[in-house]
Amino acid sequence: LDDNWFTEIYPEESSAFSLRIRGRVHAEQSPYQSISIYETATFGYLMAIDGCVMLSTRDNFLYHEMMAHPVLFTHRNPRRVAIIGGGDCGTLREVLRHDGVEEVWQAEIDQRVTELSEQWFPELCEANEDPRANFFFGDGIKWIQDTDPGYFDVIIIDSTDPVGPAEGLFTKDFYRDCHMALGENGLMVQQTESPLMEGPKSIIRKAHEDMKAAGYHHSKTLVFPQPVYPTGWWSCTIAGKVTPLEHFREADAGARPFPTRYYSADVHRGALATPPFLQDII
Ligand code: AG3
């Protein structure tokens, strides 16, 4: 493949994902990472951080809807929500679709991610002026430690892979800090990478173990497609203090008064089904 293609090579260099591009429209080294934006032939714009795909115009709705709606329709009355990472504001937009949500905080370490998203993915940032939306740019781990105990109903961890700046977000200590910051019915959800990349060092299994060790009684992995990420199949793992995660507000999800392109009550129910091979890992 030549310069007309963007390629992300996956670990062990035995597989890769490519998209034909019209060109690279932006590249910079921020204080935290390298950020590039490409104009692709058929996926709209693409943001890559340190060479890893973060999102494309065409398919980010899959990931962002599944990071926001299942957890918000599982909590019985989510009013205060925190997003750790999520600098592109795609998750934030989905959270703000819920009328009952009164206050959302997005704690992103790299302000440049948000600024570039405003420029190249304006549709994801269309709700940024909503008076319920609040932005903190800095270390999300310290920020959650400084949060009043019990303040949030839901915490969404929308991070990059568990290397570099995001490594500390995949730890028991961080889950415990989130546990402190959550109210008694609190729920946390984390993006947990691809179920098909699972090896002996299973990220999903470790997430479940660490969540239990951090004091959550329930944890559940949901799966969904995401073509631009490694293997094309992705997951998020929800952890709950008291709420069983198989039961969600199905009637509310079915009657949601806002548009979605992937999420529905049926899709939510389907995503809760754990394929046998994944059951074995967890
Ligand atoms: N969050 C998940 C990115 C992980 C992709 N990994 C990779 N391409 N190797 C992205 C942020 C979307 N809001």
# chains A, B, ... in the order shown; residues from 1 in each chain; ligands from 1

$ residues_near_ligand --ligand "ligand 1" --cutoff "7 Å" --atoms "only C-alpha atoms and all ligand atoms" --output "short mmCIF file (atom, residue, chain, number, x, y, z; two decimals) with N, CA and C atoms, in the first residue's frame"
data_model
loop_
_atom_site.label_atom_id
_atom_site.label_comp_id
_atom_site.auth_asym_id
_atom_site.auth_seq_id
_atom_site.Cartn_x
_atom_site.Cartn_y
_atom_site.Cartn_z
N CYS A 52 -2.82 5.10 16.19
CA CYS A 52 -4.00 4.25 16.43
C CYS A 52 -5.28 5.00 16.09
N VAL A 53 -6.18 4.34 15.37
CA VAL A 53 -7.44 4.98 14.99
C VAL A 53 -8.27 5.28 16.24
N MET A 54 -8.74 6.50 16.35
CA MET A 54 -9.65 6.88 17.43
C MET A 54 -11.09 6.90 16.94
N LEU A 55 -11.32 7.51 15.79
CA LEU A 55 -12.68 7.54 15.27
C LEU A 55 -12.70 7.95 13.81
N HIS A 64 -19.88 5.35 20.19
CA HIS A 64 -20.35 6.39 21.12
C HIS A 64 -21.74 6.09 21.68
N GLY A 86 -12.52 10.75 26.29
CA GLY A 86 -13.65 11.18 25.45
C GLY A 86 -13.49 12.55 24.84
N GLY A 87 -12.24 12.99 24.65
CA GLY A 87 -11.98 14.37 24.21
C GLY A 87 -12.64 14.77 22.91
N ASP A 88 -12.99 13.80 22.06
CA ASP A 88 -13.64 14.14 20.79
C ASP A 88 -15.09 14.57 20.98
N CYS A 89 -15.63 14.39 22.17
CA CYS A 89 -16.98 14.85 22.55
C CYS A 89 -18.12 13.99 21.98
N GLY A 90 -17.78 12.88 21.34
CA GLY A 90 -18.83 12.01 20.80
C GLY A 90 -19.66 11.35 21.88
N THR A 91 -19.01 10.90 22.95
CA THR A 91 -19.75 10.31 24.07
C THR A 91 -20.57 11.39 24.77
N ASP A 158 -13.84 6.65 28.55
CA ASP A 158 -13.72 6.60 27.09
C ASP A 158 -12.26 6.89 26.73
N SER A 159 -11.44 5.86 26.84
CA SER A 159 -9.99 6.07 26.75
C SER A 159 -9.40 5.47 25.48
N THR A 160 -8.12 5.70 25.30
CA THR A 160 -7.35 5.02 24.26
C THR A 160 -6.97 3.63 24.79
N ASP A 161 -6.13 2.92 24.04
CA ASP A 161 -5.66 1.59 24.47
C ASP A 161 -4.92 1.72 25.81
N GLN A 191 -14.41 1.35 28.10
CA GLN A 191 -14.15 0.66 26.82
C GLN A 191 -13.09 -0.39 27.12
N GLU A 193 -11.66 -2.73 24.76
CA GLU A 193 -10.94 -3.30 23.62
C GLU A 193 -11.69 -4.46 22.95
N TYR A 229 -11.67 -0.24 14.42
CA TYR A 229 -10.79 -0.66 15.52
C TYR A 229 -10.29 -2.08 15.27
N PRO A 230 -9.19 -2.44 15.93
CA PRO A 230 -8.61 -3.78 15.73
C PRO A 230 -9.65 -4.91 15.79
#

$ residues_around --residues "segment 131-133 of chain A" --least-positions-apart "4" --cutoff "12 Å" --atoms "only C-alpha atoms" --output "NGL selection string"
:A and (79-83 or 89 or 91-107 or 125-127)

$ residues_around --residues "Ser15 of chain A" --least-positions-apart "3" --cutoff "12 Å" --atoms "only C-alpha atoms" --output "PyMOL selection string"
chain A and resi 7-12+18+197+229-232

$ select_by_dssp --residues "segment 149-194 of chain A" --states "strand (DSSP E or B)" --output "ChimeraX atom specification"
/A:152-158,182-191

$ closest_residue --among "A:Gly186, A:Gly270, A:Gly23, A:Pro122" --to "Arg76 of chain A" --atoms "only C-alpha atoms"
A:Gly186

$ closest_residue --among "A:Cys236, A:Ala251, A:Phe135, A:Asp266" --to "Lys220 of chain A" --atoms "only C-alpha atoms"
A:Cys236

$ closest_residue --among "A:Phe152, A:Pro165, A:Gln226, A:His75" --to "Asp50 of chain A" --atoms "only C-alpha atoms"
A:Pro165

$ atom_distance --atom1 "atom CA of Val223 of chain A" --atom2 "atom CA of Lys241 of chain A"
21.2 Å

$ closest_residue --among "A:Leu222, A:Val113, A:Ala48, A:Leu187" --to "Asp153 of chain A" --atoms "only C-alpha atoms"
A:Leu187

$ atom_distance --atom1 "atom CA of Asp177 of chain A" --atom2 "atom CA of Pro70 of chain A"
22.2 Å

$ atom_distance --atom1 "atom CA of Lys142 of chain A" --atom2 "atom CA of Ile155 of chain A"
14.5 Å

$ closest_residue --among "A:Ser264, A:Asn185, A:Thr114, A:Gln279" --to "Arg205 of chain A" --atoms "only C-alpha atoms"
A:Gln279

$ select_by_dssp --residues "segment 166-241 of chain A" --states "alpha helix (DSSP H)" --output "JSON, numbers by chain"
{"A": [172, 173, 174, 175, 176, 177, 178, 179, 180, 181, 203, 204, 205, 206, 207, 208, 209, 210, 211, 212, 213]}

$ residues_around --residues "segment 20-22 of chain A" --least-positions-apart "4" --cutoff "6 Å" --atoms "only C-alpha atoms" --output "PDB file with C-alpha atoms, in the first residue's frame"
ATOM      1  CA  ASN A   4      -2.817   6.976  -0.636  1.00  0.00           C
ATOM      2  CA  TRP A   5      -3.603   4.703   2.295  1.00  0.00           C
ATOM      3  CA  GLU A  39      -9.585  12.811   4.896  1.00  0.00           C
ATOM      4  CA  THR A  40     -10.548   9.321   3.761  1.00  0.00           C
ATOM      5  CA  ALA A  41     -12.183   8.234   0.521  1.00  0.00           C
TER       6      ALA A  41
END

$ residues_around --residues "Arg112 of chain A" --least-positions-apart "6" --cutoff "12 Å" --atoms "only C-alpha atoms" --output "ChimeraX atom specification"
/A:26-36,47,49,87-88,118-120,137-138

$ residues_around --residues "Val189 of chain A" --least-positions-apart "5" --cutoff "9 Å" --atoms "only C-alpha atoms" --output "list in words"
Met67, Ala68, Val71, Val154, Ile155, Ile156, Ile157, Asp158, Cys236, Thr237, Ile238, Ala239 and Gly240 of chain A

$ residues_around --residues "Leu196 of chain A" --least-positions-apart "3" --cutoff "12 Å" --atoms "only C-alpha atoms" --output "ChimeraX atom specification"
/A:192-193,199-200,202-204,223-225,229-235,275,277-278,281

$ write_last_selection --atoms "C-alpha atoms" --output "mmCIF file, in the first residue's frame"
data_model
loop_
_atom_site.group_PDB
_atom_site.id
_atom_site.type_symbol
_atom_site.label_atom_id
_atom_site.label_comp_id
_atom_site.auth_asym_id
_atom_site.auth_seq_id
_atom_site.Cartn_x
_atom_site.Cartn_y
_atom_site.Cartn_z
ATOM 1 C CA THR A 192 -12.427 -2.734 27.077
ATOM 2 C CA GLU A 193 -10.937 -3.295 23.623
ATOM 3 C CA GLY A 199 -4.878 -13.500 24.777
ATOM 4 C CA PRO A 200 -3.426 -14.800 28.018
ATOM 5 C CA SER A 202 -6.918 -10.700 28.800
ATOM 6 C CA ILE A 203 -7.898 -7.063 29.198
ATOM 7 C CA ILE A 204 -11.547 -8.017 29.650
ATOM 8 C CA VAL A 223 -20.095 -6.349 22.560
ATOM 9 C CA PHE A 224 -20.729 -4.336 19.424
ATOM 10 C CA PRO A 225 -19.187 -3.812 15.982
ATOM 11 C CA TYR A 229 -10.787 -0.662 15.520
ATOM 12 C CA PRO A 230 -8.610 -3.778 15.726
ATOM 13 C CA THR A 231 -10.603 -6.883 14.564
ATOM 14 C CA GLY A 232 -13.685 -4.735 13.884
ATOM 15 C CA TRP A 233 -15.417 -6.015 17.023
ATOM 16 C CA TRP A 234 -15.309 -4.102 20.271
ATOM 17 C CA SER A 235 -16.508 -4.209 23.874
ATOM 18 C CA PRO A 275 -20.787 -15.595 23.463
ATOM 19 C CA PHE A 277 -15.791 -18.169 24.141
ATOM 20 C CA LEU A 278 -16.012 -14.861 25.962
ATOM 21 C CA ILE A 281 -12.357 -15.741 29.285
#

$ closest_residue --among "A:Tyr45, A:Tyr216, A:Phe170, A:Trp143" --to "Glu123 of chain A" --atoms "only C-alpha atoms"
A:Tyr45

$ decode --residues "segment 108-152 of chain A" --atoms "N, CA and C atoms" --output "short mmCIF file (atom, residue, chain, number, x, y, z; two decimals), in the first residue's frame"
data_model
loop_
_atom_site.label_atom_id
_atom_site.label_comp_id
_atom_site.auth_asym_id
_atom_site.auth_seq_id
_atom_site.Cartn_x
_atom_site.Cartn_y
_atom_site.Cartn_z
N GLU A 108 -10.68 15.40 30.14
CA GLU A 108 -9.80 14.94 29.06
C GLU A 108 -8.40 15.52 29.31
N ILE A 109 -7.40 14.66 29.17
CA ILE A 109 -6.04 15.14 29.47
C ILE A 109 -5.52 16.09 28.39
N ASP A 110 -5.96 15.89 27.14
CA ASP A 110 -5.34 16.62 26.03
C ASP A 110 -6.35 17.54 25.35
N GLN A 111 -6.26 18.82 25.68
CA GLN A 111 -7.20 19.81 25.13
C GLN A 111 -7.16 19.86 23.60
N ARG A 112 -6.02 19.50 23.01
CA ARG A 112 -5.90 19.55 21.54
C ARG A 112 -6.85 18.55 20.88
N VAL A 113 -7.13 17.43 21.55
CA VAL A 113 -8.07 16.45 20.97
C VAL A 113 -9.43 17.10 20.79
N THR A 114 -9.85 17.84 21.80
CA THR A 114 -11.16 18.50 21.73
C THR A 114 -11.15 19.62 20.68
N GLU A 115 -10.07 20.40 20.66
CA GLU A 115 -10.00 21.49 19.68
C GLU A 115 -10.02 20.96 18.25
N LEU A 116 -9.30 19.86 18.02
CA LEU A 116 -9.28 19.28 16.67
C LEU A 116 -10.61 18.64 16.32
N SER A 117 -11.29 18.10 17.32
CA SER A 117 -12.61 17.52 17.06
C SER A 117 -13.61 18.62 16.68
N GLU A 118 -13.51 19.76 17.39
CA GLU A 118 -14.40 20.88 17.05
C GLU A 118 -14.19 21.30 15.59
N GLN A 119 -12.97 21.19 15.12
CA GLN A 119 -12.65 21.60 13.76
C GLN A 119 -13.05 20.55 12.71
N TRP A 120 -12.74 19.28 12.98
CA TRP A 120 -12.90 18.25 11.95
C TRP A 120 -14.11 17.34 12.16
N PHE A 121 -14.65 17.32 13.38
CA PHE A 121 -15.84 16.51 13.67
C PHE A 121 -16.90 17.39 14.36
N PRO A 122 -17.28 18.51 13.71
CA PRO A 122 -18.17 19.46 14.38
C PRO A 122 -19.50 18.84 14.80
N GLU A 123 -19.95 17.82 14.08
CA GLU A 123 -21.23 17.18 14.43
C GLU A 123 -21.16 16.52 15.81
N LEU A 124 -19.96 16.08 16.22
CA LEU A 124 -19.84 15.47 17.55
C LEU A 124 -19.84 16.53 18.65
N CYS A 125 -19.52 17.74 18.27
CA CYS A 125 -19.36 18.82 19.25
C CYS A 125 -20.56 19.75 19.27
N GLU A 126 -21.63 19.35 18.57
CA GLU A 126 -22.77 20.26 18.41
C GLU A 126 -23.47 20.57 19.73
N ALA A 127 -23.28 19.70 20.75
CA ALA A 127 -23.94 19.95 22.04
C ALA A 127 -22.98 20.57 23.07
N ASN A 128 -21.77 20.91 22.64
CA ASN A 128 -20.78 21.41 23.61
C ASN A 128 -21.20 22.70 24.32
N GLU A 129 -22.09 23.45 23.69
CA GLU A 129 -22.55 24.72 24.31
C GLU A 129 -23.70 24.48 25.28
N ASP A 130 -24.17 23.25 25.36
CA ASP A 130 -25.26 22.93 26.30
C ASP A 130 -24.84 23.34 27.71
N PRO A 131 -25.69 24.10 28.42
CA PRO A 131 -25.30 24.57 29.76
C PRO A 131 -25.02 23.43 30.75
N ARG A 132 -25.46 22.22 30.46
CA ARG A 132 -25.18 21.09 31.36
C ARG A 132 -23.78 20.52 31.16
N ALA A 133 -23.11 20.92 30.05
CA ALA A 133 -21.80 20.35 29.72
C ALA A 133 -20.68 21.15 30.36
N ASN A 134 -19.76 20.45 31.02
CA ASN A 134 -18.62 21.08 31.68
C ASN A 134 -17.34 20.39 31.25
N PHE A 135 -16.28 21.18 31.09
CA PHE A 135 -15.03 20.62 30.57
C PHE A 135 -13.89 20.83 31.56
N PHE A 136 -13.17 19.75 31.83
CA PHE A 136 -11.94 19.85 32.61
C PHE A 136 -10.82 19.28 31.74
N PHE A 137 -9.76 20.04 31.55
CA PHE A 137 -8.63 19.52 30.80
C PHE A 137 -7.47 19.29 31.75
N GLY A 138 -7.13 18.03 31.94
CA GLY A 138 -6.07 17.67 32.86
C GLY A 138 -6.16 16.19 33.16
N ASP A 139 -5.46 15.78 34.19
CA ASP A 139 -5.35 14.37 34.55
C ASP A 139 -6.65 13.87 35.19
N GLY A 140 -7.35 12.99 34.48
CA GLY A 140 -8.64 12.47 34.95
C GLY A 140 -8.52 11.66 36.23
N ILE A 141 -7.35 11.05 36.44
CA ILE A 141 -7.17 10.23 37.65
C ILE A 141 -7.16 11.12 38.88
N LYS A 142 -6.39 12.21 38.82
CA LYS A 142 -6.36 13.14 39.96
C LYS A 142 -7.71 13.82 40.13
N TRP A 143 -8.32 14.15 38.99
CA TRP A 143 -9.60 14.87 39.02
C TRP A 143 -10.68 14.05 39.74
N ILE A 144 -10.72 12.75 39.45
CA ILE A 144 -11.77 11.92 40.08
C ILE A 144 -11.47 11.76 41.57
N GLN A 145 -10.18 11.76 41.92
CA GLN A 145 -9.81 11.66 43.36
C GLN A 145 -10.28 12.91 44.12
N ASP A 146 -10.32 14.05 43.43
CA ASP A 146 -10.71 15.30 44.07
C ASP A 146 -12.22 15.52 44.07
N THR A 147 -12.97 14.60 43.43
CA THR A 147 -14.43 14.73 43.36
C THR A 147 -15.05 14.41 44.73
N ASP A 148 -16.11 15.12 45.09
CA ASP A 148 -16.80 14.81 46.35
C ASP A 148 -17.29 13.36 46.33
N PRO A 149 -17.12 12.64 47.42
CA PRO A 149 -17.58 11.25 47.46
C PRO A 149 -19.08 11.15 47.12
N GLY A 150 -19.42 10.17 46.32
CA GLY A 150 -20.83 9.93 45.99
C GLY A 150 -21.44 10.91 45.01
N TYR A 151 -20.63 11.76 44.39
CA TYR A 151 -21.21 12.84 43.57
C TYR A 151 -21.85 12.35 42.27
N PHE A 152 -21.20 11.41 41.59
CA PHE A 152 -21.69 11.03 40.26
C PHE A 152 -22.58 9.79 40.29
#
